[in-house]
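What's in input-v6.cif: mmCIF, N, CA and C atoms
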```cif
data_coords
#
loop_
_atom_site.label_atom_id
_atom_site.label_comp_id
_atom_site.auth_asym_id
_atom_site.auth_seq_id
_atom_site.Cartn_x
_atom_site.Cartn_y
_atom_site.Cartn_z
N GLN A 1 24.28 -37.31 -25.35
CA GLN A 1 25.63 -37.74 -25.01
C GLN A 1 26.55 -37.56 -26.21
N VAL A 2 27.74 -37.09 -25.93
CA VAL A 2 28.76 -36.95 -26.95
C VAL A 2 29.86 -37.95 -26.65
N GLN A 3 30.27 -38.70 -27.65
CA GLN A 3 31.39 -39.62 -27.51
C GLN A 3 32.60 -39.04 -28.24
N LEU A 4 33.76 -39.15 -27.60
CA LEU A 4 34.98 -38.54 -28.14
C LEU A 4 36.10 -39.57 -28.22
N VAL A 5 36.82 -39.58 -29.33
CA VAL A 5 37.95 -40.50 -29.50
C VAL A 5 39.14 -39.72 -30.04
N GLU A 6 40.22 -39.69 -29.26
CA GLU A 6 41.42 -38.96 -29.66
C GLU A 6 42.40 -39.88 -30.39
N THR A 7 43.08 -39.33 -31.35
CA THR A 7 44.18 -40.01 -32.04
C THR A 7 45.26 -38.99 -32.35
N GLY A 8 46.42 -39.50 -32.72
CA GLY A 8 47.47 -38.61 -33.20
C GLY A 8 48.63 -38.40 -32.26
N GLY A 9 48.55 -38.96 -31.06
CA GLY A 9 49.66 -38.82 -30.14
C GLY A 9 50.87 -39.62 -30.61
N GLY A 10 51.98 -39.41 -29.94
CA GLY A 10 53.19 -40.14 -30.30
C GLY A 10 54.40 -39.55 -29.62
N SER A 11 55.57 -40.00 -30.08
CA SER A 11 56.84 -39.52 -29.53
C SER A 11 57.57 -38.70 -30.58
N VAL A 12 57.99 -37.52 -30.19
CA VAL A 12 58.72 -36.64 -31.10
C VAL A 12 59.87 -36.00 -30.36
N GLN A 13 60.81 -35.47 -31.12
CA GLN A 13 61.91 -34.71 -30.52
C GLN A 13 61.49 -33.26 -30.35
N ALA A 14 62.15 -32.59 -29.43
CA ALA A 14 61.88 -31.18 -29.20
C ALA A 14 62.02 -30.40 -30.51
N GLY A 15 61.07 -29.49 -30.71
CA GLY A 15 61.05 -28.73 -31.95
C GLY A 15 60.16 -29.32 -33.02
N GLY A 16 59.72 -30.55 -32.80
CA GLY A 16 58.88 -31.21 -33.78
C GLY A 16 57.41 -30.82 -33.66
N SER A 17 56.59 -31.46 -34.49
CA SER A 17 55.16 -31.14 -34.55
C SER A 17 54.32 -32.41 -34.48
N LEU A 18 53.13 -32.25 -33.98
CA LEU A 18 52.13 -33.31 -33.98
C LEU A 18 50.76 -32.66 -34.17
N ARG A 19 49.84 -33.42 -34.76
CA ARG A 19 48.46 -32.96 -34.84
C ARG A 19 47.58 -34.00 -34.18
N LEU A 20 46.88 -33.59 -33.15
CA LEU A 20 45.92 -34.45 -32.47
C LEU A 20 44.55 -34.27 -33.10
N SER A 21 43.82 -35.37 -33.18
CA SER A 21 42.45 -35.35 -33.69
C SER A 21 41.51 -35.90 -32.64
N CYS A 22 40.30 -35.39 -32.63
CA CYS A 22 39.27 -35.87 -31.71
C CYS A 22 37.97 -36.02 -32.50
N ALA A 23 37.63 -37.27 -32.79
CA ALA A 23 36.40 -37.54 -33.53
C ALA A 23 35.22 -37.57 -32.57
N ALA A 24 34.21 -36.79 -32.88
CA ALA A 24 33.03 -36.71 -32.02
C ALA A 24 31.84 -37.40 -32.68
N SER A 25 31.04 -38.06 -31.86
CA SER A 25 29.82 -38.69 -32.34
C SER A 25 28.74 -38.54 -31.28
N GLY A 26 27.52 -38.89 -31.66
CA GLY A 26 26.42 -38.73 -30.72
C GLY A 26 25.79 -37.34 -30.85
N SER A 27 25.41 -36.76 -29.75
CA SER A 27 24.68 -35.48 -29.75
C SER A 27 25.65 -34.30 -29.84
N THR A 28 26.39 -34.24 -30.93
CA THR A 28 27.41 -33.19 -31.08
C THR A 28 26.79 -31.81 -31.19
N TYR A 29 25.53 -31.75 -31.63
CA TYR A 29 24.86 -30.45 -31.76
C TYR A 29 24.67 -29.78 -30.41
N SER A 30 24.78 -30.57 -29.33
CA SER A 30 24.50 -30.06 -27.99
C SER A 30 25.67 -29.29 -27.40
N SER A 31 26.82 -29.31 -28.08
CA SER A 31 27.99 -28.67 -27.49
C SER A 31 28.52 -27.55 -28.38
N ASN A 32 28.70 -26.38 -27.81
CA ASN A 32 29.37 -25.28 -28.49
C ASN A 32 30.78 -25.08 -27.96
N TRP A 33 31.12 -25.85 -26.94
CA TRP A 33 32.43 -25.72 -26.33
C TRP A 33 33.19 -27.02 -26.54
N TRP A 34 34.41 -26.89 -27.07
CA TRP A 34 35.26 -28.04 -27.34
C TRP A 34 36.68 -27.69 -26.88
N GLY A 35 37.34 -28.64 -26.27
CA GLY A 35 38.64 -28.28 -25.74
C GLY A 35 39.63 -29.41 -25.68
N TRP A 36 40.88 -29.02 -25.48
CA TRP A 36 41.98 -29.95 -25.22
C TRP A 36 42.56 -29.65 -23.84
N PHE A 37 42.71 -30.71 -23.08
CA PHE A 37 43.33 -30.62 -21.78
C PHE A 37 44.49 -31.62 -21.77
N ARG A 38 45.39 -31.45 -20.81
CA ARG A 38 46.49 -32.40 -20.69
C ARG A 38 46.81 -32.66 -19.23
N GLN A 39 47.38 -33.82 -19.00
CA GLN A 39 47.77 -34.19 -17.65
C GLN A 39 49.19 -34.71 -17.68
N PRO A 40 50.16 -33.90 -17.26
CA PRO A 40 51.54 -34.36 -17.20
C PRO A 40 51.69 -35.41 -16.10
N PRO A 41 52.71 -36.23 -16.16
CA PRO A 41 52.91 -37.25 -15.13
C PRO A 41 52.99 -36.63 -13.74
N GLY A 42 52.18 -37.15 -12.82
CA GLY A 42 52.21 -36.69 -11.45
C GLY A 42 51.59 -35.33 -11.20
N LYS A 43 50.93 -34.77 -12.20
CA LYS A 43 50.33 -33.45 -12.04
C LYS A 43 48.84 -33.50 -12.34
N GLU A 44 48.16 -32.40 -12.04
CA GLU A 44 46.73 -32.33 -12.29
C GLU A 44 46.46 -32.00 -13.77
N ARG A 45 45.26 -32.32 -14.19
CA ARG A 45 44.84 -32.01 -15.55
C ARG A 45 44.74 -30.49 -15.70
N GLU A 46 45.18 -30.00 -16.85
CA GLU A 46 45.19 -28.55 -17.08
C GLU A 46 44.67 -28.23 -18.48
N GLY A 47 44.11 -27.06 -18.61
CA GLY A 47 43.59 -26.63 -19.90
C GLY A 47 44.68 -26.24 -20.85
N VAL A 48 44.58 -26.66 -22.09
CA VAL A 48 45.54 -26.32 -23.13
C VAL A 48 44.93 -25.32 -24.11
N ALA A 49 43.78 -25.66 -24.66
CA ALA A 49 43.11 -24.79 -25.62
C ALA A 49 41.64 -25.17 -25.69
N VAL A 50 40.81 -24.17 -25.86
CA VAL A 50 39.37 -24.38 -25.96
C VAL A 50 38.84 -23.51 -27.09
N ILE A 51 37.82 -24.01 -27.77
CA ILE A 51 37.17 -23.23 -28.81
C ILE A 51 35.68 -23.19 -28.56
N TYR A 52 35.11 -22.00 -28.68
CA TYR A 52 33.67 -21.82 -28.58
C TYR A 52 33.16 -21.64 -30.00
N THR A 53 32.28 -22.53 -30.44
CA THR A 53 31.83 -22.52 -31.83
C THR A 53 30.45 -21.90 -32.00
N GLY A 54 29.97 -21.20 -30.96
CA GLY A 54 28.65 -20.59 -31.03
C GLY A 54 28.60 -19.34 -31.89
N THR A 55 29.75 -18.85 -32.34
CA THR A 55 29.79 -17.70 -33.25
C THR A 55 30.25 -18.17 -34.62
N GLY A 56 30.27 -17.27 -35.58
CA GLY A 56 30.58 -17.67 -36.95
C GLY A 56 31.95 -18.29 -37.11
N THR A 57 32.97 -17.61 -36.61
CA THR A 57 34.34 -18.08 -36.81
C THR A 57 34.89 -18.81 -35.59
N GLY A 58 34.19 -18.74 -34.48
CA GLY A 58 34.68 -19.39 -33.28
C GLY A 58 35.58 -18.49 -32.46
N ILE A 59 35.60 -18.70 -31.17
CA ILE A 59 36.46 -17.95 -30.26
C ILE A 59 37.39 -18.96 -29.60
N THR A 60 38.67 -18.67 -29.62
CA THR A 60 39.65 -19.61 -29.07
C THR A 60 40.32 -19.05 -27.82
N TYR A 61 40.71 -19.96 -26.97
CA TYR A 61 41.40 -19.63 -25.73
C TYR A 61 42.60 -20.56 -25.63
N TYR A 62 43.73 -20.03 -25.16
CA TYR A 62 44.94 -20.83 -25.06
C TYR A 62 45.63 -20.58 -23.71
N ALA A 63 46.24 -21.63 -23.21
CA ALA A 63 47.12 -21.46 -22.06
C ALA A 63 48.34 -20.65 -22.50
N ASP A 64 48.84 -19.83 -21.59
CA ASP A 64 50.00 -19.00 -21.93
C ASP A 64 51.17 -19.84 -22.41
N SER A 65 51.31 -21.02 -21.87
CA SER A 65 52.46 -21.87 -22.19
C SER A 65 52.45 -22.39 -23.62
N VAL A 66 51.32 -22.32 -24.29
CA VAL A 66 51.23 -22.87 -25.65
C VAL A 66 50.88 -21.82 -26.70
N LYS A 67 50.62 -20.59 -26.27
CA LYS A 67 50.26 -19.54 -27.22
C LYS A 67 51.37 -19.36 -28.26
N GLY A 68 50.95 -19.27 -29.51
CA GLY A 68 51.91 -19.11 -30.58
C GLY A 68 52.50 -20.40 -31.09
N ARG A 69 52.27 -21.49 -30.39
CA ARG A 69 52.79 -22.80 -30.80
C ARG A 69 51.68 -23.78 -31.16
N PHE A 70 50.57 -23.71 -30.45
CA PHE A 70 49.46 -24.63 -30.66
C PHE A 70 48.29 -23.89 -31.29
N THR A 71 47.51 -24.63 -32.10
CA THR A 71 46.31 -24.08 -32.71
C THR A 71 45.18 -25.08 -32.59
N ILE A 72 44.05 -24.62 -32.06
CA ILE A 72 42.87 -25.47 -31.97
C ILE A 72 41.90 -25.07 -33.07
N PHE A 73 41.31 -26.06 -33.72
CA PHE A 73 40.30 -25.77 -34.72
C PHE A 73 39.39 -26.99 -34.88
N ARG A 74 38.23 -26.75 -35.43
CA ARG A 74 37.24 -27.81 -35.57
C ARG A 74 36.68 -27.84 -36.98
N ASP A 75 36.56 -29.04 -37.51
CA ASP A 75 35.93 -29.27 -38.80
C ASP A 75 34.50 -29.72 -38.53
N ASN A 76 33.54 -28.83 -38.73
CA ASN A 76 32.16 -29.16 -38.40
C ASN A 76 31.58 -30.22 -39.32
N VAL A 77 32.06 -30.30 -40.54
CA VAL A 77 31.55 -31.31 -41.47
C VAL A 77 31.99 -32.70 -41.01
N LYS A 78 33.24 -32.81 -40.59
CA LYS A 78 33.75 -34.10 -40.14
C LYS A 78 33.49 -34.35 -38.66
N ASN A 79 32.94 -33.36 -37.97
CA ASN A 79 32.72 -33.47 -36.52
C ASN A 79 34.01 -33.87 -35.79
N THR A 80 35.08 -33.21 -36.17
CA THR A 80 36.38 -33.53 -35.60
C THR A 80 37.05 -32.26 -35.08
N LEU A 81 37.61 -32.38 -33.90
CA LEU A 81 38.38 -31.30 -33.27
C LEU A 81 39.86 -31.63 -33.43
N TYR A 82 40.66 -30.59 -33.68
CA TYR A 82 42.09 -30.79 -33.88
C TYR A 82 42.90 -29.91 -32.95
N LEU A 83 44.11 -30.35 -32.70
CA LEU A 83 45.09 -29.53 -32.00
C LEU A 83 46.41 -29.67 -32.76
N GLN A 84 46.78 -28.62 -33.46
CA GLN A 84 48.06 -28.59 -34.15
C GLN A 84 49.11 -28.09 -33.19
N MET A 85 50.12 -28.91 -32.95
CA MET A 85 51.16 -28.58 -31.98
C MET A 85 52.49 -28.45 -32.70
N ASN A 86 53.06 -27.27 -32.67
CA ASN A 86 54.35 -27.00 -33.29
C ASN A 86 55.37 -26.61 -32.23
N SER A 87 56.63 -26.67 -32.60
CA SER A 87 57.72 -26.28 -31.69
C SER A 87 57.55 -26.94 -30.33
N LEU A 88 57.33 -28.22 -30.34
CA LEU A 88 57.07 -28.95 -29.10
C LEU A 88 58.27 -28.92 -28.17
N LYS A 89 57.97 -28.91 -26.88
CA LYS A 89 58.99 -28.86 -25.84
C LYS A 89 58.82 -30.08 -24.93
N PRO A 90 59.89 -30.48 -24.25
CA PRO A 90 59.76 -31.62 -23.32
C PRO A 90 58.65 -31.40 -22.28
N GLU A 91 58.42 -30.17 -21.87
CA GLU A 91 57.38 -29.90 -20.89
C GLU A 91 55.97 -30.05 -21.45
N ASP A 92 55.84 -30.29 -22.74
CA ASP A 92 54.53 -30.59 -23.34
C ASP A 92 54.17 -32.06 -23.18
N THR A 93 55.10 -32.85 -22.68
CA THR A 93 54.84 -34.27 -22.47
C THR A 93 53.67 -34.46 -21.50
N ALA A 94 52.67 -35.20 -21.94
CA ALA A 94 51.47 -35.40 -21.12
C ALA A 94 50.51 -36.32 -21.85
N MET A 95 49.49 -36.75 -21.12
CA MET A 95 48.33 -37.38 -21.75
C MET A 95 47.40 -36.25 -22.14
N TYR A 96 46.99 -36.24 -23.39
CA TYR A 96 46.11 -35.19 -23.90
C TYR A 96 44.69 -35.72 -24.06
N TYR A 97 43.75 -34.93 -23.55
CA TYR A 97 42.34 -35.32 -23.57
C TYR A 97 41.51 -34.30 -24.32
N CYS A 98 40.54 -34.80 -25.04
CA CYS A 98 39.55 -33.97 -25.71
C CYS A 98 38.33 -33.86 -24.80
N ALA A 99 37.69 -32.69 -24.80
CA ALA A 99 36.53 -32.48 -23.94
C ALA A 99 35.45 -31.71 -24.69
N ALA A 100 34.21 -31.91 -24.25
CA ALA A 100 33.07 -31.21 -24.85
C ALA A 100 31.97 -31.05 -23.81
N ASN A 101 30.93 -30.34 -24.22
CA ASN A 101 29.78 -30.14 -23.34
C ASN A 101 30.15 -29.43 -22.04
N ARG A 102 30.60 -28.18 -22.19
CA ARG A 102 30.83 -27.37 -21.01
C ARG A 102 29.49 -27.06 -20.38
N PHE A 103 29.36 -27.26 -19.06
CA PHE A 103 28.10 -27.02 -18.38
C PHE A 103 28.23 -26.10 -17.20
N GLN A 104 29.46 -25.70 -16.87
CA GLN A 104 29.69 -24.75 -15.78
C GLN A 104 30.43 -23.55 -16.34
N TYR A 105 29.99 -22.37 -15.94
CA TYR A 105 30.56 -21.15 -16.50
C TYR A 105 31.06 -20.18 -15.43
N THR A 106 31.05 -20.63 -14.18
CA THR A 106 31.47 -19.74 -13.11
C THR A 106 32.99 -19.62 -13.05
N GLY A 107 33.69 -20.63 -13.50
CA GLY A 107 35.14 -20.58 -13.53
C GLY A 107 35.64 -20.19 -14.91
N GLY A 108 36.91 -20.30 -15.12
CA GLY A 108 37.48 -19.95 -16.41
C GLY A 108 37.29 -21.04 -17.44
N TRP A 109 37.77 -20.78 -18.66
CA TRP A 109 37.61 -21.73 -19.75
C TRP A 109 38.41 -23.01 -19.53
N ASN A 110 39.38 -22.94 -18.66
CA ASN A 110 40.33 -24.02 -18.52
C ASN A 110 40.08 -24.92 -17.29
N VAL A 111 38.88 -24.93 -16.80
CA VAL A 111 38.54 -25.76 -15.64
C VAL A 111 38.04 -27.12 -16.12
N PRO A 112 38.76 -28.18 -15.87
CA PRO A 112 38.35 -29.50 -16.38
C PRO A 112 36.96 -29.93 -15.90
N SER A 113 36.64 -29.63 -14.65
CA SER A 113 35.36 -30.09 -14.09
C SER A 113 34.17 -29.40 -14.73
N ALA A 114 34.40 -28.38 -15.55
CA ALA A 114 33.31 -27.68 -16.22
C ALA A 114 32.83 -28.40 -17.47
N PHE A 115 33.55 -29.45 -17.87
CA PHE A 115 33.21 -30.19 -19.07
C PHE A 115 32.67 -31.56 -18.71
N ARG A 116 31.65 -31.98 -19.46
CA ARG A 116 30.96 -33.22 -19.12
C ARG A 116 31.46 -34.43 -19.91
N ALA A 117 31.85 -34.21 -21.16
CA ALA A 117 32.24 -35.34 -22.02
C ALA A 117 33.76 -35.36 -22.22
N TRP A 118 34.34 -36.54 -22.14
CA TRP A 118 35.79 -36.70 -22.25
C TRP A 118 36.14 -37.91 -23.11
N GLY A 119 37.26 -37.78 -23.81
CA GLY A 119 37.81 -38.92 -24.52
C GLY A 119 38.71 -39.72 -23.59
N GLN A 120 39.31 -40.77 -24.15
CA GLN A 120 40.14 -41.67 -23.35
C GLN A 120 41.58 -41.18 -23.24
N GLY A 121 41.95 -40.21 -24.07
CA GLY A 121 43.28 -39.64 -24.01
C GLY A 121 44.24 -40.23 -25.02
N THR A 122 45.23 -39.44 -25.38
CA THR A 122 46.31 -39.89 -26.26
C THR A 122 47.62 -39.33 -25.73
N GLN A 123 48.64 -40.16 -25.69
CA GLN A 123 49.91 -39.79 -25.06
C GLN A 123 50.79 -39.02 -26.04
N VAL A 124 51.35 -37.93 -25.55
CA VAL A 124 52.34 -37.15 -26.29
C VAL A 124 53.62 -37.12 -25.47
N THR A 125 54.71 -37.55 -26.08
CA THR A 125 56.00 -37.56 -25.40
C THR A 125 57.01 -36.79 -26.25
N VAL A 126 57.62 -35.79 -25.63
CA VAL A 126 58.59 -34.95 -26.34
C VAL A 126 59.95 -35.13 -25.67
N SER A 127 60.92 -35.56 -26.44
CA SER A 127 62.25 -35.80 -25.90
C SER A 127 63.19 -34.66 -26.28
N SER A 128 64.14 -34.41 -25.39
CA SER A 128 65.08 -33.30 -25.63
C SER A 128 66.27 -33.74 -26.46
#
```

What is this file in structure tokens?
Amino acid sequence: QVQLVETGGGSVQAGGSLRLSCAASGSTYSSNWWGWFRQPPGKEREGVAVIYTGTGTGITYYADSVKGRFTIFRDNVKNTLYLQMNSLKPEDTAMYYCAANRFQYTGGWNVPSAFRAWGQGTQVTVSS
């Protein structure tokens, strides 16, 4: 079992930046897939960015809406996943969740149901 705890959410103005952190504990060795998902108010959860750490430098995937603005990376020593968010927009407002332990591979990288472990979420609010 992997336990995940997100921090770093908050309220910012459009154009600002935030860095989300996700501290992992437990059987972290069991997961090569780590990701950030978000759920805007009244909408379904959607994939933001995922990193596969099974290779040397890692392989990253991003939603088109955040490419060039967000960066996902993981510190293996600290067992912490990060999401650096720059040039934030009001449409980035959502609850952000950290995920690990992908166990389904038939869909794309951004399918929430493909991940087994989830954090409790951290709220990001971007005002115009």

**Study point:** the PyMOL selection byres ((chain A and resi 109) around 8) applied to the shown file, residues as a ChimeraX atom specification
**Key:** /A:47-50,61,105-108,110-112,114

Using the file's own x, y and z axes, what box holds all listed atoms of region 53-57 of chain A with 6 Å on each side, keeping edges along x, y and z, and what are its centre and edge lengths in Å to one decimal, as lines of an AutoDock Vina configuration file?
```
center_x = 31.7
center_y = -19.9
center_z = -33.8
size_x = 18.3
size_y = 17.3
size_z = 18.7
```

Check your understanding: Between A:Pro40, A:Gly35, A:Gly68, A:Gly56, which has the minimum distance to Tyr97 (chain A) (counting all atoms listed in the file)?
Key -> A:Gly35

Check your understanding: Near Ser127 (chain A), counting only C-alpha atoms, which residues have an atom at most 12 Å away, once you skip same-chain residues fewer than 4 positions from it, shown as JSON, numbers by chain?
Key -> {"A": [10, 11, 12, 13, 14, 15, 16, 88, 89, 90, 91, 92, 93, 94]}

Check your understanding: What is the distance between CA of Gln120 (chain A) and CA of Val5 (chain A), in Å to one decimal?
Key ->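 Atom-to-atom, CA of Gln120 (chain A) to CA of Val5 (chain A), that is 6.6 Å.
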
Exercise for review: Give me the residues within 12 Å of Pro41 (chain A) as an NGL selection string, counting only C-alpha atoms and dropping any in the same chain fewer than 2 places off.
Suggested key: :A and (38-39 or 43-46 or 91-96 or 123-125)

Go ahead and write the selection's residues with N, CA and C atoms as a PDB file, in the frame of the given file.
```pdb
ATOM      1  N   ARG A  38      45.390 -31.450 -20.810  1.00  0.00           N
ATOM      2  CA  ARG A  38      46.490 -32.400 -20.690  1.00  0.00           C
ATOM      3  C   ARG A  38      46.810 -32.660 -19.230  1.00  0.00           C
ATOM      4  N   GLN A  39      47.380 -33.820 -19.000  1.00  0.00           N
ATOM      5  CA  GLN A  39      47.770 -34.190 -17.650  1.00  0.00           C
ATOM      6  C   GLN A  39      49.190 -34.710 -17.680  1.00  0.00           C
ATOM      7  N   LYS A  43      50.930 -34.770 -12.200  1.00  0.00           N
ATOM      8  CA  LYS A  43      50.330 -33.450 -12.040  1.00  0.00           C
ATOM      9  C   LYS A  43      48.840 -33.500 -12.340  1.00  0.00           C
ATOM     10  N   GLU A  44      48.160 -32.400 -12.040  1.00  0.00           N
ATOM     11  CA  GLU A  44      46.730 -32.330 -12.290  1.00  0.00           C
ATOM     12  C   GLU A  44      46.460 -32.000 -13.770  1.00  0.00           C
ATOM     13  N   ARG A  45      45.260 -32.320 -14.190  1.00  0.00           N
ATOM     14  CA  ARG A  45      44.840 -32.010 -15.550  1.00  0.00           C
ATOM     15  C   ARG A  45      44.740 -30.490 -15.700  1.00  0.00           C
ATOM     16  N   GLU A  46      45.180 -30.000 -16.850  1.00  0.00           N
ATOM     17  CA  GLU A  46      45.190 -28.550 -17.080  1.00  0.00           C
ATOM     18  C   GLU A  46      44.670 -28.230 -18.480  1.00  0.00           C
ATOM     19  N   GLU A  91      58.420 -30.170 -21.870  1.00  0.00           N
ATOM     20  CA  GLU A  91      57.380 -29.900 -20.890  1.00  0.00           C
ATOM     21  C   GLU A  91      55.970 -30.050 -21.450  1.00  0.00           C
ATOM     22  N   ASP A  92      55.840 -30.290 -22.740  1.00  0.00           N
ATOM     23  CA  ASP A  92      54.530 -30.590 -23.340  1.00  0.00           C
ATOM     24  C   ASP A  92      54.170 -32.060 -23.180  1.00  0.00           C
ATOM     25  N   THR A  93      55.100 -32.850 -22.680  1.00  0.00           N
ATOM     26  CA  THR A  93      54.840 -34.270 -22.470  1.00  0.00           C
ATOM     27  C   THR A  93      53.670 -34.460 -21.500  1.00  0.00           C
ATOM     28  N   ALA A  94      52.670 -35.200 -21.940  1.00  0.00           N
ATOM     29  CA  ALA A  94      51.470 -35.400 -21.120  1.00  0.00           C
ATOM     30  C   ALA A  94      50.510 -36.320 -21.850  1.00  0.00           C
ATOM     31  N   MET A  95      49.490 -36.750 -21.120  1.00  0.00           N
ATOM     32  CA  MET A  95      48.330 -37.380 -21.750  1.00  0.00           C
ATOM     33  C   MET A  95      47.400 -36.250 -22.140  1.00  0.00           C
ATOM     34  N   TYR A  96      46.990 -36.240 -23.390  1.00  0.00           N
ATOM     35  CA  TYR A  96      46.110 -35.190 -23.900  1.00  0.00           C
ATOM     36  C   TYR A  96      44.690 -35.720 -24.060  1.00  0.00           C
ATOM     37  N   GLN A 123      48.640 -40.160 -25.690  1.00  0.00           N
ATOM     38  CA  GLN A 123      49.910 -39.790 -25.060  1.00  0.00           C
ATOM     39  C   GLN A 123      50.790 -39.020 -26.040  1.00  0.00           C
ATOM     40  N   VAL A 124      51.350 -37.930 -25.550  1.00  0.00           N
ATOM     41  CA  VAL A 124      52.340 -37.150 -26.290  1.00  0.00           C
ATOM     42  C   VAL A 124      53.620 -37.120 -25.470  1.00  0.00           C
ATOM     43  N   THR A 125      54.710 -37.550 -26.080  1.00  0.00           N
ATOM     44  CA  THR A 125      56.000 -37.560 -25.400  1.00  0.00           C
ATOM     45  C   THR A 125      57.010 -36.790 -26.250  1.00  0.00           C
TER      46      THR A 125
END
```

Review point. So which residues get picked by the PyMOL selection byres ((chain A and resi 22-26) around 6) here, written as a ChimeraX atom specification?
Key: /A:1-7,20-21,27-29,79-82

Review point. Please, which residues of chain A, numbered as in this document, come out strand (DSSP E or B) from DSSP, as a ChimeraX atom specification?
Key: /A:2-7,10-13,18-26,33-39,46-52,59-62,70-75,80-85,94-102,115-118,122-127

Point to revise | Evaluate the PyMOL selection byres ((chain A and resi 71) around 6) and report residues as a ChimeraX atom specification | key: /A:69-70,72-73,82-85

Would you mind exporting N, CA and C atoms of the selected residues as a compact mmCIF listing (two decimals), in the frame of the given file?
```txt
# COMPACT_ATOMS: atom_id res chain seq x y z
N ARG A 69 52.27 -21.49 -30.39
CA ARG A 69 52.79 -22.80 -30.80
C ARG A 69 51.68 -23.78 -31.16
N PHE A 70 50.57 -23.71 -30.45
CA PHE A 70 49.46 -24.63 -30.66
C PHE A 70 48.29 -23.89 -31.29
N ILE A 72 44.05 -24.62 -32.06
CA ILE A 72 42.87 -25.47 -31.97
C ILE A 72 41.90 -25.07 -33.07
N PHE A 73 41.31 -26.06 -33.72
CA PHE A 73 40.30 -25.77 -34.72
C PHE A 73 39.39 -26.99 -34.88
N TYR A 82 40.66 -30.59 -33.68
CA TYR A 82 42.09 -30.79 -33.88
C TYR A 82 42.90 -29.91 -32.95
N LEU A 83 44.11 -30.35 -32.70
CA LEU A 83 45.09 -29.53 -32.00
C LEU A 83 46.41 -29.67 -32.76
N GLN A 84 46.78 -28.62 -33.46
CA GLN A 84 48.06 -28.59 -34.15
C GLN A 84 49.11 -28.09 -33.19
N MET A 85 50.12 -28.91 -32.95
CA MET A 85 51.16 -28.58 -31.98
C MET A 85 52.49 -28.45 -32.70
```

Check your understanding: Counting all atoms listed in the file, which of A:Asn32, A:Lys78, A:Phe37, A:Lys67 gets nearest to Thr55 (chain A)?
Key -> A:Asn32

**Study point:** Spatial neighbours of Cys98 (chain A), 6 Å, only N, CA and C atoms, chain gap at least 3 places, as a list in words
**Key:**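 In the requested form, the answer reads Gly35, Trp36, Phe37, Ala117, Trp118, Gly119 and Gly121 of chain A.
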
Check your understanding: How many Å lie between CA of Arg102 (chain A) and CA of Val66 (chain A), rounded to one decimal?
Key -> 21.4 Å

Review point. With all atoms listed in the file as the atoms that count, which of A:Ser30, A:Ser65, A:Asn76, A:Thr122 lies nearest to Gly8 (chain A)?
Key: A:Thr122

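The two atoms in question, CA of Ser128 (chain A) and atom C of Asp64 (chain A), are spaced 19.6 Å apart.
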
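You can rank A:Arg74, A:Ala99, A:Ser31, A:Val126 by their closest distance to Gly54 (chain A) using all atoms listed in the file, and at the top of that list sits A:Ser31.
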
Exercise for review: Might you pull out every residue within 7 Å of Thr53 (chain A), with only C-alpha atoms counted and same-chain residues fewer than 3 positions away left off, and present them as a PyMOL selection string?
Suggested key: chain A and resi 32-33+58-59
